[in-house]
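Coordinates as given in work_4.cif (mmCIF, C-alpha atoms):
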data_upload
loop_
_atom_site.group_PDB
_atom_site.id
_atom_site.type_symbol
_atom_site.label_atom_id
_atom_site.label_comp_id
_atom_site.auth_asym_id
_atom_site.auth_seq_id
_atom_site.Cartn_x
_atom_site.Cartn_y
_atom_site.Cartn_z
ATOM 1 C CA MET A 1 144.347 123.492 98.128
ATOM 2 C CA ARG A 2 144.746 119.968 99.435
ATOM 3 C CA LEU A 3 142.463 118.387 102.019
ATOM 4 C CA GLY A 4 143.965 115.008 102.861
ATOM 5 C CA THR A 5 144.084 113.031 99.629
ATOM 6 C CA GLU A 6 141.704 115.386 97.857
ATOM 7 C CA SER A 7 142.244 118.765 96.300
ATOM 8 C CA VAL A 8 139.874 121.709 96.315
ATOM 9 C CA GLY A 9 140.248 124.037 93.377
ATOM 10 C CA ARG A 10 139.438 127.704 92.988
ATOM 11 C CA TRP A 11 135.858 127.062 91.896
ATOM 12 C CA GLY A 12 135.311 124.621 94.721
ATOM 13 C CA LEU A 13 136.428 127.229 97.222
ATOM 14 C CA VAL A 14 134.150 129.815 95.597
ATOM 15 C CA VAL A 15 131.150 127.487 95.829
ATOM 16 C CA LEU A 16 131.890 126.704 99.492
ATOM 17 C CA ALA A 17 132.402 130.396 100.297
ATOM 18 C CA VAL A 18 129.099 131.348 98.648
ATOM 19 C CA THR A 19 127.355 128.542 100.528
ATOM 20 C CA GLY A 20 128.924 129.683 103.781
ATOM 21 C CA ALA A 21 127.747 133.247 103.173
ATOM 22 C CA LEU A 22 124.255 132.015 102.329
ATOM 23 C CA GLY A 23 124.314 129.973 105.523
ATOM 24 C CA VAL A 24 125.220 133.051 107.541
ATOM 25 C CA ILE A 25 122.325 134.990 105.968
ATOM 26 C CA LEU A 26 119.921 132.151 106.778
ATOM 27 C CA ALA A 27 121.319 131.961 110.312
ATOM 28 C CA VAL A 28 120.751 135.681 110.841
ATOM 29 C CA HIS A 29 117.179 135.213 109.644
ATOM 30 C CA GLY A 30 116.768 132.177 111.915
ATOM 31 C CA TRP A 31 118.093 134.122 114.888
ATOM 32 C CA SER A 32 115.681 136.984 114.202
ATOM 33 C CA VAL A 33 112.628 134.695 114.189
ATOM 34 C CA ARG A 34 113.740 132.421 117.020
ATOM 35 C CA SER A 35 111.025 133.581 119.390
ATOM 36 C CA THR A 36 108.141 133.697 116.919
ATOM 37 C CA ASP A 37 107.790 130.026 116.097
ATOM 38 C CA LEU A 38 105.903 128.313 118.890
ATOM 39 C CA PRO A 39 104.258 129.559 122.025
ATOM 40 C CA ARG A 40 106.864 129.316 124.730
ATOM 41 C CA VAL A 41 104.455 128.035 127.301
ATOM 42 C CA THR A 42 103.459 124.974 129.119
ATOM 43 C CA LEU A 43 104.465 121.347 129.298
ATOM 44 C CA GLY A 44 104.798 121.312 133.009
ATOM 45 C CA ALA A 45 106.259 124.696 133.718
ATOM 46 C CA SER A 46 105.245 127.764 135.602
ATOM 47 C CA ARG A 47 102.342 129.204 137.462
ATOM 48 C CA PRO A 48 100.813 126.721 139.852
ATOM 49 C CA VAL A 49 97.094 126.298 139.994
ATOM 50 C CA SER A 50 95.345 128.390 142.594
ATOM 51 C CA ALA A 51 92.419 127.314 144.649
ATOM 52 C CA PRO A 52 89.036 128.288 143.226
ATOM 53 C CA ARG A 53 88.033 131.782 144.295
ATOM 54 C CA THR A 54 84.959 131.526 146.433
ATOM 55 C CA THR A 55 84.043 135.142 145.751
ATOM 56 C CA GLN A 56 83.307 134.374 142.107
ATOM 57 C CA PRO A 57 79.661 134.038 141.175
ATOM 58 C CA PRO A 58 78.991 130.325 141.093
ATOM 59 C CA ALA A 59 76.884 130.545 137.950
ATOM 60 C CA GLN A 60 79.618 132.190 135.898
ATOM 61 C CA GLY A 61 79.710 130.458 132.507
ATOM 62 C CA PRO A 62 82.790 129.520 130.512
ATOM 63 C CA SER A 63 82.193 132.249 127.995
ATOM 64 C CA SER A 64 82.062 135.113 130.450
ATOM 65 C CA PRO A 65 85.848 135.724 130.583
ATOM 66 C CA ALA A 66 85.735 136.347 126.853
ATOM 67 C CA HIS A 67 83.873 139.589 127.553
ATOM 68 C CA SER A 68 86.710 141.034 129.560
ATOM 69 C CA PRO A 69 88.990 143.526 127.793
ATOM 70 C CA SER A 70 91.925 141.148 127.855
ATOM 71 C CA ALA A 71 89.842 138.367 126.329
ATOM 72 C CA ASP A 72 88.826 140.600 123.423
ATOM 73 C CA HIS A 73 92.456 141.143 122.524
ATOM 74 C CA ARG A 74 93.609 137.573 122.703
ATOM 75 C CA PRO A 75 95.508 136.410 119.638
ATOM 76 C CA LEU A 76 93.519 133.891 117.666
ATOM 77 C CA LEU A 77 94.988 130.422 117.319
ATOM 78 C CA ARG A 78 93.876 130.203 113.705
ATOM 79 C CA ALA A 79 95.968 133.288 112.905
ATOM 80 C CA GLN A 80 99.174 131.787 114.270
ATOM 81 C CA PRO A 81 101.814 130.258 111.973
ATOM 82 C CA TYR A 82 101.602 127.005 113.914
ATOM 83 C CA ALA A 83 97.807 126.692 113.611
ATOM 84 C CA ASN A 84 98.063 123.880 111.081
ATOM 85 C CA VAL A 85 100.108 121.764 113.494
ATOM 86 C CA ALA A 86 97.894 122.395 116.524
ATOM 87 C CA TYR A 87 95.887 119.291 117.382
ATOM 88 C CA GLU A 88 92.818 119.502 119.600
ATOM 89 C CA VAL A 89 93.080 117.116 122.538
ATOM 90 C CA TRP A 90 90.221 118.393 124.694
ATOM 91 C CA PRO A 91 87.231 118.295 124.801
ATOM 92 C CA GLY A 92 86.219 115.053 123.170
ATOM 93 C CA THR A 93 88.289 112.166 121.986
ATOM 94 C CA PRO A 94 91.588 113.152 120.377
ATOM 95 C CA SER A 95 91.971 112.296 116.704
ATOM 96 C CA ALA A 96 94.635 109.881 115.515
ATOM 97 C CA ALA A 97 96.880 112.818 114.624
ATOM 98 C CA ALA A 98 96.316 114.352 118.046
ATOM 99 C CA LYS A 99 97.205 111.060 119.705
ATOM 100 C CA ALA A 100 100.399 110.966 117.658
ATOM 101 C CA ALA A 101 101.162 114.544 118.695
ATOM 102 C CA LEU A 102 100.689 113.506 122.328
ATOM 103 C CA THR A 103 103.465 110.929 122.079
ATOM 104 C CA GLY A 104 105.772 111.225 125.051
ATOM 105 C CA LEU A 105 103.522 113.792 126.704
ATOM 106 C CA SER A 106 101.104 113.536 129.550
ATOM 107 C CA VAL A 107 98.139 115.902 129.443
ATOM 108 C CA SER A 108 95.172 115.794 131.786
ATOM 109 C CA VAL A 109 92.377 118.338 131.777
ATOM 110 C CA ARG A 110 89.560 118.955 134.212
ATOM 111 C CA ARG A 111 87.025 121.690 134.370
ATOM 112 C CA GLN A 112 86.877 123.835 137.498
ATOM 113 C CA GLY A 113 83.996 126.282 137.224
ATOM 114 C CA SER A 114 84.662 128.406 134.173
ATOM 115 C CA ALA A 115 88.334 127.509 134.128
ATOM 116 C CA LEU A 116 90.355 124.558 132.969
ATOM 117 C CA VAL A 117 92.964 123.013 135.202
ATOM 118 C CA ILE A 118 95.614 121.335 133.113
ATOM 119 C CA MET A 119 98.519 119.142 134.046
ATOM 120 C CA ALA A 120 100.834 118.853 131.088
ATOM 121 C CA GLY A 121 104.252 117.291 131.245
ATOM 122 C CA VAL A 122 106.638 114.796 129.834
ATOM 123 C CA ILE A 123 106.199 111.094 130.513
ATOM 124 C CA GLY A 124 108.987 109.854 132.740
ATOM 125 C CA GLN A 125 109.744 113.248 134.228
ATOM 126 C CA ALA A 126 108.597 114.822 137.457
ATOM 127 C CA ALA A 127 104.866 115.308 137.846
ATOM 128 C CA PRO A 128 103.839 118.578 136.225
ATOM 129 C CA THR A 129 102.429 121.440 138.201
ATOM 130 C CA PRO A 130 98.743 122.033 137.452
ATOM 131 C CA ARG A 131 97.940 125.301 135.718
ATOM 132 C CA ARG A 132 94.632 127.097 135.737
ATOM 133 C CA TYR A 133 93.301 128.737 132.578
ATOM 134 C CA ALA A 134 90.368 131.021 133.327
ATOM 135 C CA GLY A 135 87.847 130.912 130.496
ATOM 136 C CA GLY A 136 89.550 127.964 128.825
ATOM 137 C CA ALA A 137 87.393 125.994 126.419
ATOM 138 C CA ARG A 138 89.714 123.985 124.200
ATOM 139 C CA VAL A 139 93.133 122.436 124.600
ATOM 140 C CA TYR A 140 95.559 121.862 121.761
ATOM 141 C CA VAL A 141 98.940 120.188 121.506
ATOM 142 C CA VAL A 142 101.278 121.763 118.993
ATOM 143 C CA GLU A 143 103.690 119.357 117.349
ATOM 144 C CA SER A 144 105.632 120.769 114.417
ATOM 145 C CA SER A 145 107.093 117.457 113.348
ATOM 146 C CA LEU A 146 105.758 114.033 114.172
ATOM 147 C CA GLY A 147 108.997 112.573 112.845
ATOM 148 C CA ASP A 148 110.750 113.072 116.174
ATOM 149 C CA ASP A 149 108.380 110.719 117.956
ATOM 150 C CA SER A 150 109.141 107.076 118.402
ATOM 151 C CA GLY A 151 107.147 104.618 120.450
ATOM 152 C CA ASN A 152 106.394 106.481 123.633
ATOM 153 C CA THR A 153 109.279 108.923 123.350
ATOM 154 C CA ASP A 154 109.402 112.419 121.935
ATOM 155 C CA TYR A 155 113.049 113.129 121.164
ATOM 156 C CA ASN A 156 112.610 116.828 120.541
ATOM 157 C CA LEU A 157 110.364 118.738 122.904
ATOM 158 C CA GLY A 158 111.516 121.975 121.334
ATOM 159 C CA ASP A 159 108.790 121.748 118.721
ATOM 160 C CA ASP A 160 106.001 120.857 121.162
ATOM 161 C CA ALA A 161 103.712 123.179 123.033
ATOM 162 C CA LEU A 162 100.349 123.281 124.699
ATOM 163 C CA VAL A 163 97.821 125.918 123.760
ATOM 164 C CA VAL A 164 94.590 126.681 125.558
ATOM 165 C CA THR A 165 91.956 128.781 123.862
ATOM 166 C CA ASP A 166 88.709 130.350 124.944
ATOM 167 C CA ALA A 167 85.422 129.578 123.222
ATOM 168 C CA LYS A 168 86.223 132.099 120.468
ATOM 169 C CA GLY A 169 89.579 130.547 119.674
ATOM 170 C CA GLY A 170 91.625 133.216 121.438
ATOM 171 C CA ILE A 171 94.802 131.962 123.044
ATOM 172 C CA ILE A 172 94.869 132.207 126.814
ATOM 173 C CA GLN A 173 98.371 133.162 127.925
ATOM 174 C CA MET B 1 122.728 91.361 77.208
ATOM 175 C CA ASN B 2 126.129 90.008 76.157
ATOM 176 C CA ARG B 3 129.247 89.935 78.311
ATOM 177 C CA SER B 4 130.709 93.250 77.137
ATOM 178 C CA GLU B 5 127.409 95.027 77.774
ATOM 179 C CA ARG B 6 127.239 93.524 81.248
ATOM 180 C CA GLU B 7 130.779 94.669 81.960
ATOM 181 C CA ARG B 8 129.955 98.154 80.692
ATOM 182 C CA ALA B 9 126.868 98.292 82.916
ATOM 183 C CA ALA B 10 128.927 97.135 85.893
ATOM 184 C CA LEU B 11 131.552 99.798 85.201
ATOM 185 C CA ALA B 12 128.862 102.466 84.932
ATOM 186 C CA ALA B 13 127.407 101.319 88.245
ATOM 187 C CA VAL B 14 130.827 101.443 89.892
ATOM 188 C CA SER B 15 131.486 104.978 88.680
ATOM 189 C CA TRP B 16 127.991 106.386 89.271
ATOM 190 C CA THR B 17 126.979 104.695 92.527
ATOM 191 C CA PRO B 18 129.240 106.843 94.756
ATOM 192 C CA THR B 19 127.940 109.933 92.962
ATOM 193 C CA ILE B 20 124.310 108.994 93.537
ATOM 194 C CA ALA B 21 125.050 108.040 97.148
ATOM 195 C CA ARG B 22 126.785 111.321 97.991
ATOM 196 C CA ILE B 23 124.053 113.374 96.295
ATOM 197 C CA LEU B 24 121.409 111.547 98.342
ATOM 198 C CA LEU B 25 123.403 112.035 101.559
ATOM 199 C CA GLY B 26 123.912 115.662 100.575
ATOM 200 C CA LEU B 27 120.166 116.144 100.131
ATOM 201 C CA VAL B 28 119.547 114.748 103.629
ATOM 202 C CA LEU B 29 122.110 117.110 105.141
ATOM 203 C CA ALA B 30 120.802 120.053 103.076
ATOM 204 C CA TRP B 31 117.231 119.506 104.287
ATOM 205 C CA PHE B 32 118.230 119.395 107.939
ATOM 206 C CA GLY B 33 120.784 122.196 107.597
ATOM 207 C CA TYR B 34 118.303 124.534 105.929
ATOM 208 C CA HIS B 35 115.557 123.887 108.466
ATOM 209 C CA GLU B 36 117.914 124.248 111.415
ATOM 210 C CA LEU B 37 119.018 127.612 110.037
ATOM 211 C CA VAL B 38 115.593 129.068 109.294
ATOM 212 C CA ARG B 39 113.687 127.697 112.326
ATOM 213 C CA PRO B 40 116.288 126.953 114.997
ATOM 214 C CA SER B 41 113.842 127.026 117.887
ATOM 215 C CA LEU B 42 112.185 123.852 116.611
ATOM 216 C CA TRP B 43 115.472 121.975 116.926
ATOM 217 C CA THR B 44 116.844 123.167 120.246
ATOM 218 C CA GLY B 45 115.198 120.230 121.996
ATOM 219 C CA TYR B 46 117.869 118.006 120.488
ATOM 220 C CA VAL B 47 120.767 119.942 121.994
ATOM 221 C CA PRO B 48 122.122 117.912 124.898
ATOM 222 C CA VAL B 49 122.733 119.494 128.307
ATOM 223 C CA LEU B 50 121.496 122.976 127.362
ATOM 224 C CA SER B 51 117.991 124.233 128.022
ATOM 225 C CA PRO B 52 115.917 124.276 124.799
ATOM 226 C CA THR B 53 114.878 127.858 125.511
ATOM 227 C CA SER B 54 118.407 129.176 126.000
ATOM 228 C CA SER B 55 120.137 131.412 123.478
ATOM 229 C CA LEU B 56 123.155 129.129 123.602
ATOM 230 C CA ALA B 57 121.052 126.208 122.364
ATOM 231 C CA THR B 58 119.811 128.346 119.471
ATOM 232 C CA VAL B 59 123.378 129.317 118.577
ATOM 233 C CA ALA B 60 124.403 125.643 118.709
ATOM 234 C CA VAL B 61 121.575 124.710 116.335
ATOM 235 C CA LEU B 62 122.475 127.531 113.940
ATOM 236 C CA ALA B 63 126.146 126.496 113.920
ATOM 237 C CA HIS B 64 125.157 122.873 113.362
ATOM 238 C CA GLY B 65 122.824 123.854 110.535
ATOM 239 C CA TRP B 66 125.541 125.964 108.904
ATOM 240 C CA VAL B 67 128.009 123.061 108.956
ATOM 241 C CA LEU B 68 125.383 120.704 107.550
ATOM 242 C CA LEU B 69 124.603 123.119 104.715
ATOM 243 C CA VAL B 70 128.266 123.495 103.735
ATOM 244 C CA LEU B 71 128.809 119.729 103.919
ATOM 245 C CA ALA B 72 125.700 119.174 101.799
ATOM 246 C CA VAL B 73 126.964 121.444 99.045
ATOM 247 C CA ALA B 74 130.417 119.838 99.218
ATOM 248 C CA LEU B 75 128.876 116.388 98.820
ATOM 249 C CA ILE B 76 126.435 117.320 96.087
ATOM 250 C CA GLY B 77 129.031 119.364 94.205
ATOM 251 C CA GLY B 78 131.757 116.793 94.650
ATOM 252 C CA ILE B 79 134.080 119.200 96.448
ATOM 253 C CA ALA B 80 136.455 117.060 98.511
ATOM 254 C CA PRO B 81 133.619 114.549 98.924
ATOM 255 C CA ARG B 82 135.528 112.055 101.041
ATOM 256 C CA VAL B 83 136.542 114.701 103.564
ATOM 257 C CA ALA B 84 132.972 116.030 103.595
ATOM 258 C CA ALA B 85 131.645 112.487 104.132
ATOM 259 C CA ALA B 86 134.125 111.936 106.969
ATOM 260 C CA VAL B 87 133.036 115.125 108.749
ATOM 261 C CA ALA B 88 129.388 114.163 108.153
ATOM 262 C CA ALA B 89 130.096 110.740 109.664
ATOM 263 C CA VAL B 90 131.489 112.359 112.815
ATOM 264 C CA LEU B 91 128.422 114.612 113.103
ATOM 265 C CA LEU B 92 126.066 111.686 112.536
ATOM 266 C CA LEU B 93 127.914 109.582 115.106
ATOM 267 C CA GLU B 94 127.435 112.362 117.642
ATOM 268 C CA ILE B 95 123.719 112.490 116.776
ATOM 269 C CA VAL B 96 123.312 108.714 117.109
ATOM 270 C CA VAL B 97 125.122 108.646 120.463
ATOM 271 C CA SER B 98 123.117 111.620 121.730
ATOM 272 C CA LEU B 99 119.769 110.117 120.657
ATOM 273 C CA THR B 100 120.674 106.737 122.131
ATOM 274 C CA ILE B 101 121.581 108.290 125.480
ATOM 275 C CA SER B 102 118.444 110.435 125.605
ATOM 276 C CA GLY B 103 115.878 107.948 124.302
ATOM 277 C CA GLY B 104 117.532 104.573 123.852
ATOM 278 C CA LEU B 105 117.574 102.548 120.662
ATOM 279 C CA SER B 106 114.517 103.156 118.524
ATOM 280 C CA ASP B 107 113.456 103.291 114.897
ATOM 281 C CA LEU B 108 114.489 106.934 114.853
ATOM 282 C CA THR B 109 117.989 106.190 116.137
ATOM 283 C CA LEU B 110 118.519 103.228 113.841
ATOM 284 C CA ARG B 111 117.446 105.285 110.832
ATOM 285 C CA ASP B 112 120.299 107.633 111.655
ATOM 286 C CA VAL B 113 122.609 104.627 112.027
ATOM 287 C CA GLY B 114 121.792 103.813 108.388
ATOM 288 C CA VAL B 115 122.662 107.349 107.273
ATOM 289 C CA LEU B 116 125.845 107.127 109.344
ATOM 290 C CA GLY B 117 126.712 103.926 107.473
ATOM 291 C CA LEU B 118 126.245 105.719 104.154
ATOM 292 C CA ALA B 119 128.587 108.501 105.268
ATOM 293 C CA VAL B 120 131.199 105.994 106.445
ATOM 294 C CA ILE B 121 131.099 104.149 103.117
ATOM 295 C CA LEU B 122 131.475 107.401 101.185
ATOM 296 C CA THR B 123 134.529 108.262 103.270
ATOM 297 C CA GLY B 124 136.345 105.340 101.700
ATOM 298 C CA ALA B 125 134.639 105.191 98.297
ATOM 299 C CA ASN B 126 136.120 106.459 95.078
ATOM 300 C CA GLN B 127 134.951 109.921 94.097
ATOM 301 C CA GLY B 128 132.837 108.785 91.146
ATOM 302 C CA ARG B 129 131.468 111.179 88.541
ATOM 303 C CA LEU B 130 130.596 114.878 88.737
ATOM 304 C CA VAL B 131 133.437 115.919 91.007
ATOM 305 C CA LEU B 132 134.526 119.558 91.177
ATOM 306 C CA THR B 133 138.306 119.464 91.495
ATOM 307 C CA ARG B 134 139.173 122.745 89.809
#

Can you turn what I pasted into structure tokens?
Amino acid sequence: MRLGTESVGRWGLVVLAVTGALGVILAVHGWSVRSTDLPRVTLGASRPVSAPRTTQPPAQGPSSPAHSPSADHRPLLRAQPYANVAYEVWPGTPSAAAKAALTGLSVSVRRQGSALVIMAGVIGQAAPTPRRYAGGARVYVVESSLGDDSGNTDYNLGDDALVVTDAKGGIIQ
Amino acid sequence: MNRSERERAALAAVSWTPTIARILLGLVLAWFGYHELVRPSLWTGYVPVLSPTSSLATVAVLAHGWVLLVLAVALIGGIAPRVAAAVAAVLLLEIVVSLTISGGLSDLTLRDVGVLGLAVILTGANQGRLVLTR
């Protein structure tokens, strides 16, 4: 078979056909795991922060939500496939890797009673809506590949996410 | 090294350089193609216009990864390498334009310009060694 000035023989076609079939198998696998890679949360989206509930006991500590039934069943960050690319950005000073993971992102955290109020968004885009994480203790930025960051721009936000955990490391949804 | 040895070395370089270049380009395409196929959700952020969380973006990434994988094997195996390089050049041009529009010129974009240049050169280069024509 001729392709322009080049010819593709029988073996060439066989190799390409086998590769194409392998690609289809990999694509089917990729499609089946498309929702299991990163937490599909955050970076500016969704539930707006609510005003602090005045009916809550004022002395309620950060660890108290962890005793609720839902807190006991939270998935642990360390058990997630993306745990090794989750960089802690709060509390404390972010590490160099965490700062690199924050490229192109804007994350601000403040404590409000036992909850964390987080504004996470993309630099240069509309101001993110604050979100409230009851029982939040730590904030992580997930960045699967630092190779898509350049200067102050993150070219691929598809591999970025924000994860908030309680004091036990359970992910707060 | 006498003159005949130098000429022989130059001839070897002429015949092997395109082969080495297309194998290296093929490895680049294979790496990206494989990763786009097995973890498409990490790449949907690059799809222009579409929402990264949409199914259509995932399908676009999977299709792109499939094409890259086939092109990679064509380049590495020497199966119509100039045609494969030409198609790769078109894909890389689209990537460069898309990255430039979304984030401007940067080290990331210019790195892809270099890979685009390699693909363009291979489009016009002789086939070199290790070509599967049968």

Task: Picked residues, the PyMOL selection byres ((chain B) within 8 of (chain A)), expected as a PyMOL selection string - done: chain B and resi 34+37-46+52-53+58+62+66+69-70+73-74+79-80+82-83+99+102-103+106-108+132-134

Open item on the list: Going by the chain IDs and residue numbers used in this file, which residues fall under the PyMOL selection byres ((chain B and resi 33) around 8)? Write them as number ranges by chain.
Closed with: B: 29-32, 34-37, 64-69

TODO: Mind checking which residues fall within 8 Å of Leu75 (chain B), counting only C-alpha atoms, ignoring those fewer than 5 positions away in the same chain, and posting them as a PyMOL selection string?
DONE: chain B and resi 22-23+25-26+80-81+84-85

Open item on the list: Can you measure CA of Leu122 (chain B) to CA of Thr19 (chain B) for me? One decimal in Å is fine.
Closed with: 9.3 Å

Neighbour residues at most 12 Å from (129.4, 113.4, 112.7) (all atoms listed in the file) as a PDB file with C-alpha atoms, keeping the file's coordinate frame:
ATOM      1  CA  LEU B  29     122.110 117.110 105.141  1.00  0.00           C
ATOM      2  CA  HIS B  64     125.157 122.873 113.362  1.00  0.00           C
ATOM      3  CA  VAL B  67     128.009 123.061 108.956  1.00  0.00           C
ATOM      4  CA  LEU B  68     125.383 120.704 107.550  1.00  0.00           C
ATOM      5  CA  LEU B  71     128.809 119.729 103.919  1.00  0.00           C
ATOM      6  CA  VAL B  83     136.542 114.701 103.564  1.00  0.00           C
ATOM      7  CA  ALA B  84     132.972 116.030 103.595  1.00  0.00           C
ATOM      8  CA  ALA B  85     131.645 112.487 104.132  1.00  0.00           C
ATOM      9  CA  ALA B  86     134.125 111.936 106.969  1.00  0.00           C
ATOM     10  CA  VAL B  87     133.036 115.125 108.749  1.00  0.00           C
ATOM     11  CA  ALA B  88     129.388 114.163 108.153  1.00  0.00           C
ATOM     12  CA  ALA B  89     130.096 110.740 109.664  1.00  0.00           C
ATOM     13  CA  VAL B  90     131.489 112.359 112.815  1.00  0.00           C
ATOM     14  CA  LEU B  91     128.422 114.612 113.103  1.00  0.00           C
ATOM     15  CA  LEU B  92     126.066 111.686 112.536  1.00  0.00           C
ATOM     16  CA  LEU B  93     127.914 109.582 115.106  1.00  0.00           C
ATOM     17  CA  GLU B  94     127.435 112.362 117.642  1.00  0.00           C
ATOM     18  CA  ILE B  95     123.719 112.490 116.776  1.00  0.00           C
ATOM     19  CA  VAL B  96     123.312 108.714 117.109  1.00  0.00           C
ATOM     20  CA  VAL B  97     125.122 108.646 120.463  1.00  0.00           C
ATOM     21  CA  SER B  98     123.117 111.620 121.730  1.00  0.00           C
ATOM     22  CA  ASP B 112     120.299 107.633 111.655  1.00  0.00           C
ATOM     23  CA  VAL B 113     122.609 104.627 112.027  1.00  0.00           C
ATOM     24  CA  VAL B 115     122.662 107.349 107.273  1.00  0.00           C
ATOM     25  CA  LEU B 116     125.845 107.127 109.344  1.00  0.00           C
ATOM     26  CA  GLY B 117     126.712 103.926 107.473  1.00  0.00           C
ATOM     27  CA  LEU B 118     126.245 105.719 104.154  1.00  0.00           C
ATOM     28  CA  ALA B 119     128.587 108.501 105.268  1.00  0.00           C
ATOM     29  CA  VAL B 120     131.199 105.994 106.445  1.00  0.00           C
ATOM     30  CA  THR B 123     134.529 108.262 103.270  1.00  0.00           C
TER      31      THR B 123
END
